[in-house]
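*Asks:* What follows is a single structure, and I will ask about it in a moment.
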Amino acid sequence: MIVILDSNITEHSQEYQHALAYLSRLPGISTRVHKVEGAQQALTEIYLIGDTKTLSAEEIGALPGVERVVRISEEYRILGRHRDEQRISGFDYNGVVFSQDNLNVFAGLCAVDTPEHVELMMKALREHGQVCTRMGAYKPRTNPYSFQGHEKTCLPYVFELAGKYGIKVIAMEVTHERHVEEIQECLEQTGQPTGVMLQIGTRNTQNFELLKAVGQQQAFPVLFKRGFGITLNESLNAAEYLASEGNSKVVFCLRGVKTNMGDPHRNLVDFSHVPVLKRLTRMPVCVDPSHSVGSRERAPDGLYDLMHATAQGVVAGANLVLVDFHPAPAKALVDGPQAMLLSELSWFLDDVAAARVCYEKRQALAERYGL
Ligand code: PEP
Ligand code: MN
């Protein structure tokens, strides 16, 4: 059960103290206070943990300072929607809004290789009015002899160039909690020229100790990738680790699942789960067409498979697109064959915008015809 307090209630107010004392006295129930910062307002939620079935929601709802009480299912307590349309969803980070209602594109390098390529990428993004990108510094590789990323050595120039070109949020995978500290330190040393959204890769979806560590920090939001070999429910429970540790600024990213049934694509594209995630949770939903499709094959209509996959996600209401681009894919150290070219950036963004218009028209139709 979640007890949501009035938005003007602070932890020093009498109502807060009274409500918390009352709830803490309930037999067999423990409380956990969670502050939710949305794009528009901040709220305090008190989670009641234990057997809440016999508690009266009316009685608790009548306590001074309590706005409302939501009965929740056991799963995804914090990130879940629990059929409550009024709870805050989304967040603001470094001036960029992430929610279930808008759309941001993160086009960029799968892996940082040279400062020249980073600069060419960021320059192209600025020319196209983009403020988000992806830049991999820590790469989890299948083969231990493959390039593992430039790690912290590339951070200073990545962050400085981001500042130079007005990039506000960089999606960057971390595979160890040490990487979070390195990112934080480097941002401080370079004067906070940009922001970072920490990416949890599909290989680490159930690395619970990493999730706890990333969940315990509040400085950075998280882009959480679906596990490629587990159920959606298992991935959602894993994402909830972040929130249960204190960080609910989480975007959930679909990136395909591993099965030969997806051949010739690298993974089986799972973007039909976009509306499922929006129904079950309050997280903005991302699609990663690059790691799903994994090639530059085109259909006879001239469109790349990965553009078709992107459009499928966006037409279904996706809120972020994470996509590999590279100024010289032949020289890329990771995933060159699936990268889009900088000369294709306008086309890609226009195609995404067309798909978004289609989604908005479909939403209007749902309002007109929906019961
Ligand atoms: C990536 O986005 O660079 C990546 C490695 O993705 P995934 O974890 O989905 O394989
Ligand atoms: Mn990659």
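By order of appearance in the structure tokens: chains A, B, ..., then residues from 1 within every chain, and ligands from 1 in the order shown.
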Which residues come within 12 Å of A:Phe228, counting only C-alpha atoms, excluding same-chain residues fewer than 2 positions away, as a PyMOL selection string?

*Replies:* chain A and resi 201-206+225-226+230-232+234-235+253-259+266-270+291-292

*Asks:* Export N, CA and C atoms of the chosen residues as an mmCIF file, in the first residue's frame?

*Replies:*
data_model
loop_
_atom_site.group_PDB
_atom_site.id
_atom_site.type_symbol
_atom_site.label_atom_id
_atom_site.label_comp_id
_atom_site.auth_asym_id
_atom_site.auth_seq_id
_atom_site.Cartn_x
_atom_site.Cartn_y
_atom_site.Cartn_z
ATOM 1 N N GLY A 201 23.622 -2.270 -19.054
ATOM 2 C CA GLY A 201 23.516 -3.067 -20.273
ATOM 3 C C GLY A 201 22.777 -4.370 -20.035
ATOM 4 N N THR A 202 22.371 -4.977 -21.136
ATOM 5 C CA THR A 202 21.561 -6.203 -21.041
ATOM 6 C C THR A 202 22.305 -7.332 -20.325
ATOM 7 N N ARG A 203 23.629 -7.303 -20.422
ATOM 8 C CA ARG A 203 24.408 -8.363 -19.754
ATOM 9 C C ARG A 203 24.446 -8.162 -18.240
ATOM 10 N N ASN A 204 24.084 -6.990 -17.790
ATOM 11 C CA ASN A 204 24.102 -6.694 -16.359
ATOM 12 C C ASN A 204 22.708 -6.482 -15.767
ATOM 13 N N THR A 205 21.678 -6.803 -16.540
ATOM 14 C CA THR A 205 20.311 -6.555 -16.056
ATOM 15 C C THR A 205 20.080 -7.156 -14.668
ATOM 16 N N GLN A 206 20.633 -8.332 -14.430
ATOM 17 C CA GLN A 206 20.428 -8.963 -13.119
ATOM 18 C C GLN A 206 21.708 -8.976 -12.277
ATOM 19 N N LYS A 225 18.539 -1.452 -19.543
ATOM 20 C CA LYS A 225 18.218 -2.322 -20.683
ATOM 21 C C LYS A 225 17.539 -3.601 -20.234
ATOM 22 N N ARG A 226 16.563 -4.008 -20.997
ATOM 23 C CA ARG A 226 15.909 -5.284 -20.759
ATOM 24 C C ARG A 226 16.924 -6.426 -20.869
ATOM 25 N N ILE A 230 15.786 -13.191 -20.380
ATOM 26 C CA ILE A 230 14.878 -13.393 -19.250
ATOM 27 C C ILE A 230 13.516 -12.793 -19.594
ATOM 28 N N THR A 231 12.527 -13.080 -18.769
ATOM 29 C CA THR A 231 11.186 -12.557 -19.086
ATOM 30 C C THR A 231 11.115 -11.054 -18.809
ATOM 31 N N LEU A 232 10.078 -10.453 -19.348
ATOM 32 C CA LEU A 232 9.874 -9.019 -19.112
ATOM 33 C C LEU A 232 9.664 -8.776 -17.618
ATOM 34 N N GLU A 234 10.880 -10.448 -15.141
ATOM 35 C CA GLU A 234 12.169 -10.519 -14.427
ATOM 36 C C GLU A 234 12.967 -9.231 -14.631
ATOM 37 N N SER A 235 12.914 -8.680 -15.837
ATOM 38 C CA SER A 235 13.626 -7.416 -16.088
ATOM 39 C C SER A 235 13.011 -6.281 -15.275
ATOM 40 N N CYS A 253 14.643 0.336 -21.364
ATOM 41 C CA CYS A 253 14.978 0.239 -22.792
ATOM 42 C C CYS A 253 14.790 -1.174 -23.350
ATOM 43 N N LEU A 254 13.966 -1.263 -24.385
ATOM 44 C CA LEU A 254 13.818 -2.524 -25.128
ATOM 45 C C LEU A 254 14.938 -2.601 -26.152
ATOM 46 N N ARG A 255 15.565 -3.762 -26.272
ATOM 47 C CA ARG A 255 16.702 -3.891 -27.188
ATOM 48 C C ARG A 255 16.723 -5.258 -27.870
ATOM 49 N N GLY A 256 15.542 -5.902 -27.890
ATOM 50 C CA GLY A 256 15.462 -7.205 -28.528
ATOM 51 C C GLY A 256 15.874 -8.310 -27.577
ATOM 52 N N VAL A 257 15.422 -9.525 -27.877
ATOM 53 C CA VAL A 257 15.768 -10.676 -27.030
ATOM 54 C C VAL A 257 16.493 -11.723 -27.874
ATOM 55 N N LYS A 258 17.312 -12.504 -27.198
ATOM 56 C CA LYS A 258 18.212 -13.424 -27.896
ATOM 57 C C LYS A 258 17.505 -14.726 -28.253
ATOM 58 N N THR A 259 17.351 -14.973 -29.512
ATOM 59 C CA THR A 259 16.810 -16.242 -29.999
ATOM 60 C C THR A 259 17.082 -16.303 -31.492
ATOM 61 N N ARG A 266 19.887 -9.375 -35.365
ATOM 62 C CA ARG A 266 20.782 -9.771 -34.274
ATOM 63 C C ARG A 266 19.995 -10.304 -33.070
ATOM 64 N N ASN A 267 18.836 -9.723 -32.837
ATOM 65 C CA ASN A 267 17.937 -10.151 -31.765
ATOM 66 C C ASN A 267 16.507 -10.088 -32.288
ATOM 67 N N LEU A 268 15.602 -10.740 -31.570
ATOM 68 C CA LEU A 268 14.196 -10.652 -31.964
ATOM 69 C C LEU A 268 13.642 -9.327 -31.443
ATOM 70 N N VAL A 269 13.205 -8.482 -32.374
ATOM 71 C CA VAL A 269 12.750 -7.139 -31.992
ATOM 72 C C VAL A 269 11.485 -7.269 -31.127
ATOM 73 N N ASP A 270 11.504 -6.560 -29.993
ATOM 74 C CA ASP A 270 10.433 -6.719 -28.997
ATOM 75 C C ASP A 270 9.677 -5.408 -28.747
ATOM 76 N N HIS A 291 20.869 -2.362 -31.516
ATOM 77 C CA HIS A 291 21.249 -3.648 -30.936
ATOM 78 C C HIS A 291 20.175 -4.709 -31.147
ATOM 79 N N SER A 292 18.977 -4.287 -31.553
ATOM 80 C CA SER A 292 17.928 -5.262 -31.882
ATOM 81 C C SER A 292 18.169 -5.835 -33.278
#

*Asks:* Output the neighbourhood of ligand 2 as a list in words, that is, all protein and nucleic acid residues with some atom at most 9 Å from the ligand, counting only C-alpha atoms and all ligand atoms.

*Replies:*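 The residues near ligand 2 are Leu109, Cys110, Ala111, Gly136, Lys139, Ser290, His291, Gly294, Asp324, Val334, Asp335, Gly336 and Gln338 of chain A.
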
*Asks:* Generate a file of the selected residues that holds N, CA and C atoms, formatted as a CSV table (one decimal), in the first residue's frame.

*Replies:*
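Everything below was put into out-v9.csv:
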chain,number,residue,atom,x,y,z
A,109,LEU,N,27.8,7.4,-30.7
A,109,LEU,CA,28.8,6.3,-30.9
A,109,LEU,C,28.5,5.1,-29.9
A,110,CYS,N,28.5,3.9,-30.5
A,110,CYS,CA,28.4,2.8,-29.6
A,110,CYS,C,29.6,2.8,-28.7
A,111,ALA,N,30.8,3.0,-29.2
A,111,ALA,CA,32.0,3.1,-28.4
A,111,ALA,C,32.8,4.3,-28.8
A,136,GLY,N,29.8,5.3,-25.6
A,136,GLY,CA,30.2,4.2,-24.8
A,136,GLY,C,31.7,4.3,-24.4
A,139,LYS,N,32.9,-0.8,-22.3
A,139,LYS,CA,32.2,-1.7,-23.1
A,139,LYS,C,32.3,-3.1,-22.6
A,290,SER,N,19.4,-0.4,-32.9
A,290,SER,CA,20.7,-0.8,-33.4
A,290,SER,C,21.0,-2.2,-32.9
A,291,HIS,N,20.9,-2.4,-31.5
A,291,HIS,CA,21.2,-3.6,-30.9
A,291,HIS,C,20.2,-4.7,-31.1
A,294,GLY,N,20.8,-4.9,-35.6
A,294,GLY,CA,22.2,-5.2,-35.8
A,294,GLY,C,22.8,-5.3,-37.2
A,324,ASP,N,22.8,3.8,-32.8
A,324,ASP,CA,24.3,3.9,-33.1
A,324,ASP,C,24.4,4.7,-34.4
A,334,VAL,N,33.8,-0.8,-32.3
A,334,VAL,CA,32.7,-1.7,-31.9
A,334,VAL,C,31.4,-1.4,-32.7
A,335,ASP,N,30.8,-2.5,-33.2
A,335,ASP,CA,29.5,-2.4,-33.9
A,335,ASP,C,29.4,-1.4,-35.1
A,336,GLY,N,30.5,-1.3,-35.8
A,336,GLY,CA,30.5,-0.5,-37.0
A,336,GLY,C,29.4,-0.9,-38.0
A,338,GLN,N,26.5,-1.9,-37.8
A,338,GLN,CA,25.1,-1.5,-37.6
A,338,GLN,C,24.9,0.0,-37.5

*Asks:* Tell me which protein, DNA and RNA residues are within 9 Å of A:Val250, counting only C-alpha atoms, leaving out same-chain ones fewer than 6 positions away, and put them as a PDB file with all heavy atoms, in the first residue's frame.

*Replies:*
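Written output follows (out_9.pdb):
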ATOM      1  N   LEU A  79       8.198   1.534  -9.200  1.00  0.00           N
ATOM      2  CA  LEU A  79       8.156   1.888 -10.626  1.00  0.00           C
ATOM      3  C   LEU A  79       6.819   1.536 -11.271  1.00  0.00           C
ATOM      4  O   LEU A  79       6.481   2.042 -12.332  1.00  0.00           O
ATOM      5  CB  LEU A  79       9.301   1.194 -11.375  1.00  0.00           C
ATOM      6  CG  LEU A  79      10.698   1.630 -10.935  1.00  0.00           C
ATOM      7  CD1 LEU A  79      11.769   0.805 -11.640  1.00  0.00           C
ATOM      8  CD2 LEU A  79      10.930   3.115 -11.221  1.00  0.00           C
ATOM      9  N   GLY A  90       7.925  10.173 -14.945  1.00  0.00           N
ATOM     10  CA  GLY A  90       8.912  10.974 -15.651  1.00  0.00           C
ATOM     11  C   GLY A  90       9.703  11.873 -14.730  1.00  0.00           C
ATOM     12  O   GLY A  90       9.436  11.966 -13.533  1.00  0.00           O
ATOM     13  N   PHE A  91      10.705  12.518 -15.307  1.00  0.00           N
ATOM     14  CA  PHE A  91      11.591  13.388 -14.530  1.00  0.00           C
ATOM     15  C   PHE A  91      12.306  14.342 -15.479  1.00  0.00           C
ATOM     16  O   PHE A  91      12.264  14.175 -16.702  1.00  0.00           O
ATOM     17  CB  PHE A  91      12.612  12.534 -13.750  1.00  0.00           C
ATOM     18  CG  PHE A  91      13.414  11.600 -14.634  1.00  0.00           C
ATOM     19  CD1 PHE A  91      14.607  12.002 -15.199  1.00  0.00           C
ATOM     20  CD2 PHE A  91      12.947  10.320 -14.914  1.00  0.00           C
ATOM     21  CE1 PHE A  91      15.335  11.155 -16.018  1.00  0.00           C
ATOM     22  CE2 PHE A  91      13.677   9.460 -15.735  1.00  0.00           C
ATOM     23  CZ  PHE A  91      14.870   9.885 -16.285  1.00  0.00           C
ATOM     24  N   PRO A 221      20.366   9.835 -13.585  1.00  0.00           N
ATOM     25  CA  PRO A 221      19.278   8.920 -13.921  1.00  0.00           C
ATOM     26  C   PRO A 221      19.849   7.672 -14.614  1.00  0.00           C
ATOM     27  O   PRO A 221      21.041   7.632 -14.934  1.00  0.00           O
ATOM     28  CB  PRO A 221      18.416   9.740 -14.884  1.00  0.00           C
ATOM     29  CG  PRO A 221      19.324  10.750 -15.462  1.00  0.00           C
ATOM     30  CD  PRO A 221      20.428  10.993 -14.473  1.00  0.00           C
ATOM     31  N   VAL A 222      18.994   6.704 -14.835  1.00  0.00           N
ATOM     32  CA  VAL A 222      19.476   5.414 -15.348  1.00  0.00           C
ATOM     33  C   VAL A 222      18.694   4.981 -16.597  1.00  0.00           C
ATOM     34  O   VAL A 222      17.464   5.077 -16.629  1.00  0.00           O
ATOM     35  CB  VAL A 222      19.318   4.322 -14.264  1.00  0.00           C
ATOM     36  CG1 VAL A 222      19.931   2.999 -14.729  1.00  0.00           C
ATOM     37  CG2 VAL A 222      19.957   4.762 -12.946  1.00  0.00           C
ATOM     38  N   LEU A 223      19.421   4.515 -17.591  1.00  0.00           N
ATOM     39  CA  LEU A 223      18.815   3.890 -18.763  1.00  0.00           C
ATOM     40  C   LEU A 223      19.027   2.397 -18.587  1.00  0.00           C
ATOM     41  O   LEU A 223      20.156   1.903 -18.667  1.00  0.00           O
ATOM     42  CB  LEU A 223      19.505   4.385 -20.048  1.00  0.00           C
ATOM     43  CG  LEU A 223      18.953   3.823 -21.347  1.00  0.00           C
ATOM     44  CD1 LEU A 223      17.541   4.310 -21.595  1.00  0.00           C
ATOM     45  CD2 LEU A 223      19.836   4.246 -22.521  1.00  0.00           C
ATOM     46  N   PHE A 224      17.950   1.696 -18.320  1.00  0.00           N
ATOM     47  CA  PHE A 224      18.036   0.292 -17.922  1.00  0.00           C
ATOM     48  C   PHE A 224      17.623  -0.590 -19.094  1.00  0.00           C
ATOM     49  O   PHE A 224      16.496  -0.514 -19.577  1.00  0.00           O
ATOM     50  CB  PHE A 224      17.100   0.090 -16.719  1.00  0.00           C
ATOM     51  CG  PHE A 224      17.039  -1.318 -16.238  1.00  0.00           C
ATOM     52  CD1 PHE A 224      17.945  -1.787 -15.307  1.00  0.00           C
ATOM     53  CD2 PHE A 224      16.065  -2.189 -16.721  1.00  0.00           C
ATOM     54  CE1 PHE A 224      17.894  -3.101 -14.863  1.00  0.00           C
ATOM     55  CE2 PHE A 224      16.007  -3.497 -16.283  1.00  0.00           C
ATOM     56  CZ  PHE A 224      16.922  -3.949 -15.359  1.00  0.00           C
ATOM     57  N   ALA A 239      14.749  -3.842 -12.547  1.00  0.00           N
ATOM     58  CA  ALA A 239      14.721  -2.367 -12.591  1.00  0.00           C
ATOM     59  C   ALA A 239      14.259  -1.814 -11.240  1.00  0.00           C
ATOM     60  O   ALA A 239      14.750  -0.779 -10.772  1.00  0.00           O
ATOM     61  CB  ALA A 239      13.796  -1.884 -13.706  1.00  0.00           C
ATOM     62  N   LEU A 242      16.710  -0.633  -8.572  1.00  0.00           N
ATOM     63  CA  LEU A 242      17.218   0.743  -8.610  1.00  0.00           C
ATOM     64  C   LEU A 242      16.334   1.634  -7.749  1.00  0.00           C
ATOM     65  O   LEU A 242      16.803   2.411  -6.922  1.00  0.00           O
ATOM     66  CB  LEU A 242      17.236   1.263 -10.053  1.00  0.00           C
ATOM     67  CG  LEU A 242      18.161   0.519 -11.014  1.00  0.00           C
ATOM     68  CD1 LEU A 242      17.771   0.802 -12.457  1.00  0.00           C
ATOM     69  CD2 LEU A 242      19.610   0.935 -10.765  1.00  0.00           C
ATOM     70  N   ALA A 243      15.019   1.498  -7.967  1.00  0.00           N
ATOM     71  CA  ALA A 243      14.072   2.352  -7.254  1.00  0.00           C
ATOM     72  C   ALA A 243      14.033   2.012  -5.772  1.00  0.00           C
ATOM     73  O   ALA A 243      13.961   2.906  -4.924  1.00  0.00           O
ATOM     74  CB  ALA A 243      12.690   2.210  -7.872  1.00  0.00           C
ATOM     75  N   MET A 283       7.602   4.245 -16.050  1.00  0.00           N
ATOM     76  CA  MET A 283       8.880   4.619 -16.669  1.00  0.00           C
ATOM     77  C   MET A 283       8.707   5.073 -18.116  1.00  0.00           C
ATOM     78  O   MET A 283       7.926   4.476 -18.863  1.00  0.00           O
ATOM     79  CB  MET A 283       9.818   3.406 -16.680  1.00  0.00           C
ATOM     80  CG  MET A 283      10.329   3.018 -15.327  1.00  0.00           C
ATOM     81  SD  MET A 283      11.470   1.617 -15.422  1.00  0.00           S
ATOM     82  CE  MET A 283      10.340   0.237 -15.420  1.00  0.00           C
ATOM     83  N   PRO A 284       9.466   6.109 -18.525  1.00  0.00           N
ATOM     84  CA  PRO A 284       9.550   6.383 -19.962  1.00  0.00           C
ATOM     85  C   PRO A 284      10.162   5.153 -20.641  1.00  0.00           C
ATOM     86  O   PRO A 284      10.990   4.462 -20.042  1.00  0.00           O
ATOM     87  CB  PRO A 284      10.516   7.573 -20.035  1.00  0.00           C
ATOM     88  CG  PRO A 284      10.551   8.152 -18.655  1.00  0.00           C
ATOM     89  CD  PRO A 284      10.278   7.021 -17.713  1.00  0.00           C
TER      90      PRO A 284
END

*Asks:* Under the rule that only C-alpha atoms are counted, which of A:Tyr304, A:Phe106, A:Tyr22, A:Tyr165 is the nearest residue to A:Glu127?

*Replies:*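 Looking at the shortest contact to A:Glu127, the residue is A:Tyr165.
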
*Asks:* Ranking A:Asn94, A:Ser30, A:Asn102, A:Ser56 by minimum distance to A:Asn319 and counting only C-alpha atoms, which one comes first?

*Replies:*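 Checking each of A:Asn94, A:Ser30, A:Asn102, A:Ser56 against A:Asn319, counting only C-alpha atoms, the winner is A:Asn102.
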
*Asks:* Give the answer as one residue: which of A:Asp288, A:Glu182, A:Asp101, A:Glu58 has the shortest atom-to-atom distance to ligand 1, using only C-alpha atoms and all ligand atoms?

*Replies:*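 Closest candidate: A:Asp288.
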
*Asks:* Please provide the set of residues having any atom within 10 Å of A:Lys278, restricted to only C-alpha atoms, with same-chain residues fewer than 3 positions apart removed, written as a list in words.

*Replies:*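 Here the answer would be Gly80, Arg81, Gln100, Phe252, His273, Val274, Pro275, Thr281, Arg282, Met283, Pro284, Val285, Gly317 and Ala318 of chain A.
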